[in-house]
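Novice: Here it is, the structure, as structure tokens.
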There are 2 protein chains.
Amino acid sequence: MSQDTQDKSPNRRVTIRDVARLAEVSIGTASKAMNAGGRLRQETRDKVMRVAKEIGYRPNDLAQSLHRARSRTVGILTNDSFGRFSFPIIRALEERLADQGVAVFMCNATDDPARERQHIDQLLGKRIDGLVVTARRSDRRPAILVGGIPVIYVFSQADDPDALCLLPDDEGGAVLASEHLIGLGRTRIAHITGPEHFEAVQLRHRGFKRALERAGLKSDLFLSGPWSEEWGRDAVAKLFDGADAPRPDALFCGNDQIARGAAEALRDRGIAVPRDVAIVGFDNWLVMTEAARPPLTSIDMNLPALGREAGERLLAMISGERETGTRRLPATLVVRQSTVES
Amino acid sequence: MSQDTQDKSPNRRVTIRDVARLAEVSIGTASKAMNAGGRLRQETRDKVMRVAKEIGYRPNDLAQSLHRARSRTVGILTNDSFGRFSFPIIRALEERLADQGVAVFMCNATDDPARERQHIDQLLGKRIDGLVVTARRSDRRPAILVGGIPVIYVFSQADDPDALCLLPDDEGGAVLASEHLIGLGRTRIAHITGPEHFEAVQLRHRGFKRALERAGLKSDLFLSGPWSEEWGRDAVAKLFDGADAPRPDALFCGNDQIARGAAEALRDRGIAVPRDVAIVGFDNWLVMTEAARPPLTSIDMNLPALGREAGERLLAMISGERETGTRRLPATLVVRQSTVES
DNA sequence: GTGAAAGCGCTAACAG
DNA sequence: CTGTTAGCGCTTTCAC
């Protein structure tokens with residue numbers, strides 16, 4: 001009845017005791033054999049391993065964690081109910097951590113502080129080694145009080161002198177977008193963006209102004225509104241339907257939805273994109289950028305990179321390194337037909 | 001120095017021993033006091049609780065799990081790199097489970113069986129009480145071999161006689177969509193949808209045919225292509241640019257992207273929606289349905305409900321109930337201006 | 001009603 | 001090199 005390797009009937013009640021007994025060694029020896037360390041005759045080690053495999057032994061992490069200081073487990077907390085921004089981050093983080101055998105608890109806290117606290121308490125009970133906080137938007141949030149364990153805020157930030165904040169470089173991204181348009185010879189560039197109370201809006205605006213001023217261009221075309229396609233369309237109406245002022249020859253939009261709305265509105269008016277007006281969006285959200293007519297050039301915040309970095313930093317912090325302050329990771333320009341004729 | 005409740009310095013090295021000592025009871029008594037059970041004088045119980053709170057005692061779940069059969073932990077495995085379908089499910093599942101003090105490990109396995117196995121092994125090591133498998137698409141997948149612990153496939157299915165599969169009712173949703181159009185008096189209804197090898201495409205097609213035939217209408221207008229807006233536009237070109245056949249007066253689209261593409265293409269041709277042609281999409285993906293012109297009527301698969309149900313069933317299975325087979329949860333029609341004039 | 005003691009499954013000294 | 005032993009932090013009989 002030799003069990004096939006596939007059929008490792010994972011009997012969940014197989015303990016190291018059983019392995020030891022069947023391998024005819026002491027339980028301590030068996031333990032040593034399973035873990036890499038410890039001086040042991042290769043022969044013994046092999047025998048133990050073989051038996052372990054045969055009877056489908058799987059070490060109990062819970063029992064291990066009771067000894068080692070670590071549970072090899074971290075928590076991630078998000079308030080992004082849609083997952084648009086946090087999912088790519090979480091995904092990359094989880095991948096990075098899984099590589100190191102660290103598992104991730106996921107918690108949704110819908111901006112409800114009580115629920116959040118409840119989640120945190122639960123995670124602390126599970127003895128997580130670290131905590132990652134992420135969000136729907138990158139604005140500052142209340143710090144999370146958790147004693148002693150490392151905390152990282154990704155796409156999110158808080159006043160916590162002991163925590164590390166990892167953010168996309170909004171300002172740099174805006175500079176990238178603006179310089180791309182300037183490099184294309186555009187001189188009347190408008191910035192259509194989201195609500196001004198978003199920090200990201202302010203930073204992107206600043207980048208926009210910086211780039212334009214450096215190029216000797218006026219940067220006074222600034223329109224703030226909701227983050228929607230409709231607003232993109234409305235903003236274009238505002239900019240292009242008044243016959244008076246000279247019209248923009250480029251739009252830098254605060255996100256891809258606005259950019260797409262703008263592109264559609266221009267299309268409706270028979271204004272050619274990119275010939276008459278070039279458009280750059282922000283987020284590089286494929287469902288928007290690739291479906292738009294024409295497909296949109298956009299700024300990618302590299303959320304997965306942010307997630308991976310968070311994973312790496314967290315591992316470092318868990319091993320005792322102290323990391324604090326705020327770091328911004330570079331964004332990237334992705335060029336499509338809304339700025340460059342195919 | 002009375003610590004404020006907020007400042008519960010969560011010293012992670014406070015054990016039940018400490019509580020017992022300070023409360024001047026035995027460690028066994030302290031344990032009994034913390035947990036609801038056990039006969040104990042109210043006075044003693046109160047004293048213990050008070051001390052525990054004061055010194056910021058937090059029971060170690062890991063140690064508890066070593067005794068109880070349960071770890072109060074489950075795993076969720078997904079291959080949906082974008083999170084479009086799985087995130088709402090995961091979110092609702094997590095919420096439902098968190099209510100019961102069960103934490104969720106999240107694992108991404110990018111269709112890589114080896115990685116998947118690695119994740120599973122890791123989860124088993126952590127002694128998860130149950131496993132939920134979800135996916136980017138609801139098609140059948142290889143079963144996951146995990147000995148003895150409950151498994152639920154949500155928005156995903158597998159040949160596993162011991163597992164429960166929870167799916168949206170694609171066929172029912174299609175019937176809902178079709179009957180809505182029929183009820184509006186439409187008689188030439190086309191179905192523009194995704195690749196035929198998707199089970200969802202086949203089921204929705206079947207629902208479409210069933211509803212139309214029952215109403216005595218012809219159901220031969222069927223176009224299959226990619227899941228994109230572009231395909232929606234192309235399909236409209238196919239249906240409306242040939243001058244020969246009588247044109248459809250309604251479109252039931254396999255997803256919202258196709259529906260939006262179709263709406264745009266009709267708009268380009270000056271065909272009024274919904275007056276000349278009514279459109280129903282599928283997924284009720286707000287970024288699509290609400291940004292489209294006009295906003296799209298759509299079928300909602302109620303993914304959060306699916307996630308909640310999965311959570312409930314999993315808890316039941318963990319408590320020993322046996323649940324198997326496949327269950328489909330109803331979809332809902334959400335009416336917007338693409339079928340009914342505002 | 002409360003305390004003592006025996007583990008849950010594993011690791012880490014420390015002997016031999 | 002291998003076996004023995006003392007716990008990790010907690011629960012749970014079983015006496016008293």
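By convention in this document, the chains of the structure tokens carry letters A, B, ... by their order, each chain's residues are numbered from 1, and ligands are numbered from 1 in the order they are shown.
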Residues near segment 302-319 of chain B, anyone? I mean within 8 Å using only C-alpha atoms (C1' of nucleotides), not counting same-chain ones fewer than 5 positions away, as a list of chain:residue names.
Specialist: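 Here the answer would be B:Phe85, B:Pro88, B:Ile89, B:Ile90, B:Arg91, B:Ala92, B:Leu93, B:Glu94, B:Glu95, B:Arg96, B:Leu97, B:Asp129, B:Gly130, B:Val132, B:Ile149, B:Pro150, B:Val151, B:Ile152, B:Val154, B:Leu166, B:Leu167, B:Pro168, B:Leu329, B:Pro330, B:Ala331, B:Thr332.
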Novice: Residues as selected, N, CA and C atoms, written as a PDB file, in the first residue's frame, can you do that?
Specialist:
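Result file again35.pdb:
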```pdb
ATOM      1  N   PHE B  85     -13.275  40.343  -8.980  1.00  0.00           N
ATOM      2  CA  PHE B  85     -14.374  39.526  -8.477  1.00  0.00           C
ATOM      3  C   PHE B  85     -14.115  39.005  -7.078  1.00  0.00           C
ATOM      4  N   PRO B  88     -14.488  41.649  -3.448  1.00  0.00           N
ATOM      5  CA  PRO B  88     -15.766  41.826  -2.738  1.00  0.00           C
ATOM      6  C   PRO B  88     -16.158  40.583  -1.955  1.00  0.00           C
ATOM      7  N   ILE B  89     -15.837  39.443  -2.506  1.00  0.00           N
ATOM      8  CA  ILE B  89     -16.142  38.187  -1.823  1.00  0.00           C
ATOM      9  C   ILE B  89     -15.298  38.051  -0.564  1.00  0.00           C
ATOM     10  N   ILE B  90     -14.015  38.234  -0.737  1.00  0.00           N
ATOM     11  CA  ILE B  90     -13.089  38.110   0.388  1.00  0.00           C
ATOM     12  C   ILE B  90     -13.459  39.084   1.501  1.00  0.00           C
ATOM     13  N   ARG B  91     -13.772  40.279   1.072  1.00  0.00           N
ATOM     14  CA  ARG B  91     -14.120  41.321   2.024  1.00  0.00           C
ATOM     15  C   ARG B  91     -15.320  40.916   2.888  1.00  0.00           C
ATOM     16  N   ALA B  92     -16.365  40.467   2.218  1.00  0.00           N
ATOM     17  CA  ALA B  92     -17.582  40.094   2.937  1.00  0.00           C
ATOM     18  C   ALA B  92     -17.334  38.863   3.810  1.00  0.00           C
ATOM     19  N   LEU B  93     -16.579  37.948   3.278  1.00  0.00           N
ATOM     20  CA  LEU B  93     -16.246  36.742   4.024  1.00  0.00           C
ATOM     21  C   LEU B  93     -15.489  37.102   5.296  1.00  0.00           C
ATOM     22  N   GLU B  94     -14.505  37.933   5.124  1.00  0.00           N
ATOM     23  CA  GLU B  94     -13.685  38.322   6.271  1.00  0.00           C
ATOM     24  C   GLU B  94     -14.558  38.986   7.327  1.00  0.00           C
ATOM     25  N   GLU B  95     -15.449  39.861   6.884  1.00  0.00           N
ATOM     26  CA  GLU B  95     -16.308  40.555   7.833  1.00  0.00           C
ATOM     27  C   GLU B  95     -17.175  39.578   8.624  1.00  0.00           C
ATOM     28  N   ARG B  96     -17.741  38.646   7.890  1.00  0.00           N
ATOM     29  CA  ARG B  96     -18.615  37.669   8.530  1.00  0.00           C
ATOM     30  C   ARG B  96     -17.841  36.841   9.550  1.00  0.00           C
ATOM     31  N   LEU B  97     -16.642  36.467   9.189  1.00  0.00           N
ATOM     32  CA  LEU B  97     -15.838  35.618  10.044  1.00  0.00           C
ATOM     33  C   LEU B  97     -15.278  36.383  11.239  1.00  0.00           C
ATOM     34  N   ASP B 129      -8.665  26.166  10.338  1.00  0.00           N
ATOM     35  CA  ASP B 129      -9.858  25.354  10.586  1.00  0.00           C
ATOM     36  C   ASP B 129     -10.647  25.096   9.315  1.00  0.00           C
ATOM     37  N   GLY B 130     -10.362  25.875   8.281  1.00  0.00           N
ATOM     38  CA  GLY B 130     -11.110  25.710   7.043  1.00  0.00           C
ATOM     39  C   GLY B 130     -10.441  26.481   5.930  1.00  0.00           C
ATOM     40  N   VAL B 132     -11.132  28.489   2.043  1.00  0.00           N
ATOM     41  CA  VAL B 132     -12.025  28.993   1.007  1.00  0.00           C
ATOM     42  C   VAL B 132     -11.195  29.226  -0.243  1.00  0.00           C
ATOM     43  N   ILE B 149      -9.954  18.941   6.557  1.00  0.00           N
ATOM     44  CA  ILE B 149     -10.542  20.219   6.932  1.00  0.00           C
ATOM     45  C   ILE B 149     -11.546  20.680   5.872  1.00  0.00           C
ATOM     46  N   PRO B 150     -12.578  21.393   6.311  1.00  0.00           N
ATOM     47  CA  PRO B 150     -13.633  21.847   5.408  1.00  0.00           C
ATOM     48  C   PRO B 150     -13.110  22.761   4.299  1.00  0.00           C
ATOM     49  N   VAL B 151     -13.626  22.565   3.114  1.00  0.00           N
ATOM     50  CA  VAL B 151     -13.247  23.410   1.987  1.00  0.00           C
ATOM     51  C   VAL B 151     -14.499  23.937   1.284  1.00  0.00           C
ATOM     52  N   ILE B 152     -14.493  25.213   0.978  1.00  0.00           N
ATOM     53  CA  ILE B 152     -15.578  25.790   0.189  1.00  0.00           C
ATOM     54  C   ILE B 152     -14.989  26.491  -1.024  1.00  0.00           C
ATOM     55  N   VAL B 154     -15.837  29.281  -3.658  1.00  0.00           N
ATOM     56  CA  VAL B 154     -16.787  30.362  -3.941  1.00  0.00           C
ATOM     57  C   VAL B 154     -16.385  31.002  -5.249  1.00  0.00           C
ATOM     58  N   LEU B 166     -20.076  27.421  -4.064  1.00  0.00           N
ATOM     59  CA  LEU B 166     -21.041  28.513  -4.029  1.00  0.00           C
ATOM     60  C   LEU B 166     -20.823  29.391  -5.254  1.00  0.00           C
ATOM     61  N   LEU B 167     -21.882  29.551  -6.029  1.00  0.00           N
ATOM     62  CA  LEU B 167     -21.725  30.289  -7.279  1.00  0.00           C
ATOM     63  C   LEU B 167     -22.875  31.267  -7.480  1.00  0.00           C
ATOM     64  N   PRO B 168     -22.666  32.261  -8.311  1.00  0.00           N
ATOM     65  CA  PRO B 168     -23.786  33.141  -8.662  1.00  0.00           C
ATOM     66  C   PRO B 168     -24.677  32.412  -9.660  1.00  0.00           C
ATOM     67  N   LEU B 329     -26.444  31.285  -5.870  1.00  0.00           N
ATOM     68  CA  LEU B 329     -27.199  32.359  -5.212  1.00  0.00           C
ATOM     69  C   LEU B 329     -27.768  33.322  -6.245  1.00  0.00           C
ATOM     70  N   PRO B 330     -28.956  33.821  -6.001  1.00  0.00           N
ATOM     71  CA  PRO B 330     -29.645  34.647  -6.981  1.00  0.00           C
ATOM     72  C   PRO B 330     -28.922  35.944  -7.312  1.00  0.00           C
ATOM     73  N   ALA B 331     -29.062  36.347  -8.559  1.00  0.00           N
ATOM     74  CA  ALA B 331     -28.550  37.636  -9.003  1.00  0.00           C
ATOM     75  C   ALA B 331     -29.711  38.632  -8.996  1.00  0.00           C
ATOM     76  N   THR B 332     -29.371  39.895  -9.138  1.00  0.00           N
ATOM     77  CA  THR B 332     -30.395  40.935  -9.045  1.00  0.00           C
ATOM     78  C   THR B 332     -30.301  41.881 -10.234  1.00  0.00           C
TER      79      THR B 332
END
```
Novice: Could you tell me, as a PyMOL selection string, which residues of segment 30-114 of chain A DSSP assigns to alpha helix (DSSP H) when given the backbone?
Specialist: chain A and resi 30-34+42-54+61-67+86-99+113-114
Novice: Please identify every residue of chain B that has at least one atom no more than 7 Å from any atom of chain D, counting only C-alpha atoms (C1' of nucleotides), and report them as an NGL selection string.
Specialist: :B and (15 or 60 or 63-64 or 67)
Novice: Since we have the selection now, will you write its residues out, keeping N, CA and C atoms, as a PDB file, in the first residue's frame?
Specialist:
```pdb
ATOM      1  N   THR B  15       1.460  37.399  30.905  1.00  0.00           N
ATOM      2  CA  THR B  15       0.844  36.080  30.804  1.00  0.00           C
ATOM      3  C   THR B  15      -0.237  35.903  31.866  1.00  0.00           C
ATOM      4  N   ASN B  60      -3.093  34.567  24.719  1.00  0.00           N
ATOM      5  CA  ASN B  60      -2.320  34.133  23.568  1.00  0.00           C
ATOM      6  C   ASN B  60      -3.098  33.064  22.809  1.00  0.00           C
ATOM      7  N   ALA B  63      -1.418  29.721  22.093  1.00  0.00           N
ATOM      8  CA  ALA B  63      -1.381  28.762  23.199  1.00  0.00           C
ATOM      9  C   ALA B  63      -2.760  28.112  23.366  1.00  0.00           C
ATOM     10  N   GLN B  64      -3.775  28.926  23.235  1.00  0.00           N
ATOM     11  CA  GLN B  64      -5.123  28.373  23.360  1.00  0.00           C
ATOM     12  C   GLN B  64      -5.377  27.301  22.309  1.00  0.00           C
ATOM     13  N   HIS B  67      -4.650  23.643  22.692  1.00  0.00           N
ATOM     14  CA  HIS B  67      -5.567  22.782  23.451  1.00  0.00           C
ATOM     15  C   HIS B  67      -6.829  22.511  22.687  1.00  0.00           C
TER      16      HIS B  67
END
```
Novice: Could you work out which residues of chain B fall inside 8 Å of chain A? Count only C-alpha atoms, and format the result as a PyMOL selection string.
Specialist: chain B and resi 9-12+58-63+65-66+81-83+87-88+91+94-95+98+101+103-108+119+122-127+146-148+228-230+291
Novice: Based on the selection just made, write N, CA and C atoms of those residues as a CSV table (one decimal), in the first residue's frame.
Specialist:
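In the end it all went to part-v7.csv:
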```
chain,number,residue,atom,x,y,z
B,9,SER,N,-0.8,50.0,27.4
B,9,SER,CA,0.5,49.6,26.9
B,9,SER,C,0.5,48.1,26.7
B,10,PRO,N,0.3,47.6,25.5
B,10,PRO,CA,0.1,46.2,25.3
B,10,PRO,C,1.4,45.4,25.3
B,11,ASN,N,1.9,45.4,26.5
B,11,ASN,CA,3.1,44.6,26.8
B,11,ASN,C,2.8,43.2,26.4
B,12,ARG,N,3.6,42.7,25.4
B,12,ARG,CA,3.2,41.4,24.9
B,12,ARG,C,3.8,40.3,25.7
B,58,ARG,N,-3.5,40.0,27.5
B,58,ARG,CA,-4.2,39.6,26.2
B,58,ARG,C,-3.9,38.1,26.0
B,59,PRO,N,-4.9,37.3,26.1
B,59,PRO,CA,-4.7,35.8,26.0
B,59,PRO,C,-3.9,35.5,24.7
B,60,ASN,N,-3.1,34.6,24.7
B,60,ASN,CA,-2.3,34.1,23.6
B,60,ASN,C,-3.1,33.1,22.8
B,61,ASP,N,-3.7,33.5,21.7
B,61,ASP,CA,-4.5,32.6,20.9
B,61,ASP,C,-3.7,31.3,20.5
B,62,LEU,N,-2.4,31.5,20.2
B,62,LEU,CA,-1.6,30.4,19.8
B,62,LEU,C,-1.6,29.3,20.9
B,63,ALA,N,-1.4,29.7,22.1
B,63,ALA,CA,-1.4,28.8,23.2
B,63,ALA,C,-2.8,28.1,23.4
B,65,SER,N,-5.0,27.6,21.1
B,65,SER,CA,-5.3,26.7,20.0
B,65,SER,C,-4.6,25.4,20.2
B,66,LEU,N,-3.6,25.4,21.0
B,66,LEU,CA,-2.8,24.1,21.2
B,66,LEU,C,-3.7,23.1,21.9
B,81,SER,N,-5.7,38.0,-9.8
B,81,SER,CA,-4.6,39.0,-9.5
B,81,SER,C,-5.2,40.4,-9.5
B,82,PHE,N,-6.3,40.7,-10.1
B,82,PHE,CA,-6.8,42.0,-10.1
B,82,PHE,C,-7.8,42.2,-8.9
B,83,GLY,N,-8.4,41.2,-8.5
B,83,GLY,CA,-9.2,41.3,-7.3
B,83,GLY,C,-10.6,41.8,-7.7
B,87,PHE,N,-12.2,40.3,-4.6
B,87,PHE,CA,-12.1,41.2,-3.5
B,87,PHE,C,-13.4,41.4,-2.7
B,88,PRO,N,-14.5,41.6,-3.4
B,88,PRO,CA,-15.8,41.8,-2.7
B,88,PRO,C,-16.2,40.6,-2.0
B,91,ARG,N,-13.8,40.3,1.1
B,91,ARG,CA,-14.1,41.3,2.0
B,91,ARG,C,-15.3,40.9,2.9
B,94,GLU,N,-14.5,37.9,5.1
B,94,GLU,CA,-13.7,38.3,6.3
B,94,GLU,C,-14.6,39.0,7.3
B,95,GLU,N,-15.4,39.9,6.9
B,95,GLU,CA,-16.3,40.6,7.8
B,95,GLU,C,-17.2,39.6,8.6
B,98,ALA,N,-14.9,37.6,11.0
B,98,ALA,CA,-14.3,38.4,12.1
B,98,ALA,C,-15.4,38.6,13.2
B,101,GLY,N,-14.9,36.0,15.6
B,101,GLY,CA,-13.5,35.9,16.1
B,101,GLY,C,-12.6,35.0,15.3
B,103,ALA,N,-10.0,34.7,12.2
B,103,ALA,CA,-9.2,35.5,11.3
B,103,ALA,C,-8.9,34.8,10.0
B,104,VAL,N,-8.6,35.6,9.0
B,104,VAL,CA,-8.5,35.1,7.6
B,104,VAL,C,-7.1,35.3,7.1
B,105,PHE,N,-6.4,34.2,6.7
B,105,PHE,CA,-5.2,34.3,6.0
B,105,PHE,C,-5.4,34.5,4.5
B,106,MET,N,-4.8,35.5,3.9
B,106,MET,CA,-5.0,35.6,2.5
B,106,MET,C,-3.8,35.1,1.7
B,107,CYS,N,-4.1,34.3,0.6
B,107,CYS,CA,-3.0,33.8,-0.2
B,107,CYS,C,-3.4,34.0,-1.7
B,108,ASN,N,-2.4,34.6,-2.4
B,108,ASN,CA,-2.5,34.7,-3.8
B,108,ASN,C,-1.7,33.6,-4.5
B,119,HIS,N,1.4,27.4,-0.6
B,119,HIS,CA,0.5,28.1,0.2
B,119,HIS,C,-0.3,27.2,1.1
B,122,GLN,N,1.6,25.8,3.9
B,122,GLN,CA,1.8,26.8,4.9
B,122,GLN,C,0.6,26.9,5.8
B,123,LEU,N,-0.5,27.0,5.2
B,123,LEU,CA,-1.8,27.2,5.9
B,123,LEU,C,-2.1,26.0,6.8
B,124,LEU,N,-1.8,24.8,6.3
B,124,LEU,CA,-2.0,23.6,7.1
B,124,LEU,C,-1.1,23.6,8.3
B,125,GLY,N,0.1,24.1,8.1
B,125,GLY,CA,1.1,24.2,9.2
B,125,GLY,C,0.5,25.2,10.3
B,126,LYS,N,-0.2,26.2,9.8
B,126,LYS,CA,-0.8,27.1,10.8
B,126,LYS,C,-2.1,26.6,11.4
B,127,ARG,N,-2.5,25.4,11.0
B,127,ARG,CA,-3.6,24.7,11.5
B,127,ARG,C,-4.9,25.4,11.3
B,146,VAL,N,-6.6,18.6,0.7
B,146,VAL,CA,-6.3,19.0,2.1
B,146,VAL,C,-7.0,18.0,3.0
B,147,GLY,N,-6.3,17.4,3.8
B,147,GLY,CA,-7.0,16.3,4.5
B,147,GLY,C,-7.9,16.7,5.6
B,148,GLY,N,-9.1,16.4,5.4
B,148,GLY,CA,-10.1,16.5,6.6
B,148,GLY,C,-10.6,17.9,6.9
B,228,SER,N,-14.3,42.7,-23.7
B,228,SER,CA,-13.8,44.1,-23.7
B,228,SER,C,-14.8,45.1,-24.3
B,229,GLU,N,-14.6,46.4,-24.0
B,229,GLU,CA,-15.4,47.4,-24.6
B,229,GLU,C,-15.2,47.4,-26.1
B,230,GLU,N,-14.0,47.2,-26.5
B,230,GLU,CA,-13.8,47.2,-27.9
B,230,GLU,C,-14.7,46.1,-28.6
B,291,ALA,N,-20.6,55.4,-15.3
B,291,ALA,CA,-19.9,56.4,-16.1
B,291,ALA,C,-20.4,56.3,-17.6
```
Novice: What are the closest atom pairs, with distances in Å to one decimal, for all residues of chain C lying within 8 Å of chain A? Consider only C-alpha atoms (C1' of nucleotides), order rows by chain and residue number, and present the result as CSV.
Specialist:
```
residue,atom,partner,partner_atom,distance
C:DG9,C1',A:Ala63,CA,5.3
C:DC10,C1',A:Ala63,CA,5.3
C:DT11,C1',A:His67,CA,6.5
```
Novice: Any chance you can output those residues with N, CA, C and O atoms (P, O5', C5', C4', C3', O3' and C1' of nucleotides) as an mmCIF file, in the first residue's frame?
Specialist:
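Output saved as result-v4.cif:
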```
data_model
loop_
_atom_site.group_PDB
_atom_site.id
_atom_site.type_symbol
_atom_site.label_atom_id
_atom_site.label_comp_id
_atom_site.auth_asym_id
_atom_site.auth_seq_id
_atom_site.Cartn_x
_atom_site.Cartn_y
_atom_site.Cartn_z
ATOM 1 P P DG C 9 -1.216 17.169 20.281
ATOM 2 O "O5'" DG C 9 0.110 17.895 19.769
ATOM 3 C "C5'" DG C 9 -0.014 19.047 18.944
ATOM 4 C "C4'" DG C 9 1.356 19.656 18.773
ATOM 5 C "C3'" DG C 9 2.433 18.678 18.299
ATOM 6 O "O3'" DG C 9 3.038 19.219 17.138
ATOM 7 C "C1'" DG C 9 3.179 19.880 20.179
ATOM 8 P P DC C 10 4.390 18.677 16.549
ATOM 9 O "O5'" DC C 10 5.456 19.609 17.253
ATOM 10 C "C5'" DC C 10 5.503 20.981 16.888
ATOM 11 C "C4'" DC C 10 6.420 21.735 17.823
ATOM 12 C "C3'" DC C 10 7.900 21.427 17.637
ATOM 13 O "O3'" DC C 10 8.492 22.481 16.880
ATOM 14 C "C1'" DC C 10 7.263 21.603 19.950
ATOM 15 P P DT C 11 10.019 22.320 16.466
ATOM 16 O "O5'" DT C 11 10.758 22.976 17.711
ATOM 17 C "C5'" DT C 11 10.495 24.331 18.009
ATOM 18 C "C4'" DT C 11 11.312 24.761 19.192
ATOM 19 C "C3'" DT C 11 12.820 24.673 19.012
ATOM 20 O "O3'" DT C 11 13.335 25.856 19.598
ATOM 21 C "C1'" DT C 11 12.195 23.488 20.944
#
```
Novice: Quick one: everything within 12 Å of segment 204-209 of chain B, counting only C-alpha atoms (C1' of nucleotides), minus sequence neighbours fewer than 2 positions away in the same chain. Send it as a ChimeraX atom specification.
Specialist: /B:168-182,189-202,211-224,251-255,280-282,299,331
Novice: Could you jot down the atom CA of Ala114 of chain A to atom CA of Glu43 of chain B separation for me, Å, one decimal place?
Specialist: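 Here the two named atoms are 29.1 Å from each other.
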Novice: Using atom CA of Leu77 of chain A and atom CA of Ala163 of chain A as the two end points, give the distance in Å to one decimal.
Specialist: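 Between these atoms lies a distance of 14.6 Å.
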Novice: I need the residue nearest Asp283 of chain B from this list: B:Asp234, B:Asp249, B:Asp256, B:Glu24. Use only C-alpha atoms for the distance.
Specialist: B:Asp256
Novice: Using DSSP on the backbone coordinates, identify the residues of segment 126-180 of chain B assigned to strand (DSSP E); present them as a ChimeraX atom specification.
Specialist: /B:130-133,140-141,151-154,157-158,164-168
Novice: For the residues in that selection, give me N, CA and C atoms as a JSON list (two decimals), in the first residue's frame.
Specialist:
```
[["chain", "number", "residue", "atom", "x", "y", "z"],
["B", 130, "GLY", "N", -10.36, 25.87, 8.28],
["B", 130, "GLY", "CA", -11.11, 25.71, 7.04],
["B", 130, "GLY", "C", -10.44, 26.48, 5.93],
["B", 131, "LEU", "N", -10.88, 26.19, 4.71],
["B", 131, "LEU", "CA", -10.26, 26.83, 3.55],
["B", 131, "LEU", "C", -11.32, 27.28, 2.57],
["B", 132, "VAL", "N", -11.13, 28.49, 2.04],
["B", 132, "VAL", "CA", -12.02, 28.99, 1.01],
["B", 132, "VAL", "C", -11.19, 29.23, -0.24],
["B", 133, "VAL", "N", -11.71, 28.73, -1.36],
["B", 133, "VAL", "CA", -11.00, 28.91, -2.61],
["B", 133, "VAL", "C", -11.85, 29.80, -3.52],
["B", 140, "ARG", "N", -14.62, 25.58, -13.46],
["B", 140, "ARG", "CA", -14.15, 24.43, -12.72],
["B", 140, "ARG", "C", -12.62, 24.44, -12.64],
["B", 141, "ARG", "N", -12.09, 24.03, -11.53],
["B", 141, "ARG", "CA", -10.65, 23.99, -11.36],
["B", 141, "ARG", "C", -10.26, 22.70, -10.65],
["B", 151, "VAL", "N", -13.63, 22.56, 3.11],
["B", 151, "VAL", "CA", -13.25, 23.41, 1.99],
["B", 151, "VAL", "C", -14.50, 23.94, 1.28],
["B", 152, "ILE", "N", -14.49, 25.21, 0.98],
["B", 152, "ILE", "CA", -15.58, 25.79, 0.19],
["B", 152, "ILE", "C", -14.99, 26.49, -1.02],
["B", 153, "TYR", "N", -15.57, 26.22, -2.16],
["B", 153, "TYR", "CA", -15.20, 26.95, -3.36],
["B", 153, "TYR", "C", -16.26, 28.03, -3.60],
["B", 154, "VAL", "N", -15.84, 29.28, -3.66],
["B", 154, "VAL", "CA", -16.79, 30.36, -3.94],
["B", 154, "VAL", "C", -16.39, 31.00, -5.25],
["B", 157, "GLN", "N", -15.24, 26.35, -8.68],
["B", 157, "GLN", "CA", -15.80, 25.03, -8.41],
["B", 157, "GLN", "C", -14.78, 23.96, -8.74],
["B", 158, "ALA", "N", -14.95, 22.80, -8.12],
["B", 158, "ALA", "CA", -14.00, 21.72, -8.33],
["B", 158, "ALA", "C", -14.69, 20.39, -8.07],
["B", 164, "LEU", "N", -18.06, 22.16, -0.70],
["B", 164, "LEU", "CA", -19.25, 22.90, -1.11],
["B", 164, "LEU", "C", -18.83, 23.93, -2.14],
["B", 165, "CYS", "N", -19.63, 24.10, -3.19],
["B", 165, "CYS", "CA", -19.36, 25.14, -4.18],
["B", 165, "CYS", "C", -20.48, 26.17, -4.16],
["B", 166, "LEU", "N", -20.08, 27.42, -4.06],
["B", 166, "LEU", "CA", -21.04, 28.51, -4.03],
["B", 166, "LEU", "C", -20.82, 29.39, -5.25],
["B", 167, "LEU", "N", -21.88, 29.55, -6.03],
["B", 167, "LEU", "CA", -21.72, 30.29, -7.28],
["B", 167, "LEU", "C", -22.87, 31.27, -7.48],
["B", 168, "PRO", "N", -22.67, 32.26, -8.31],
["B", 168, "PRO", "CA", -23.79, 33.14, -8.66],
["B", 168, "PRO", "C", -24.68, 32.41, -9.66]]
```
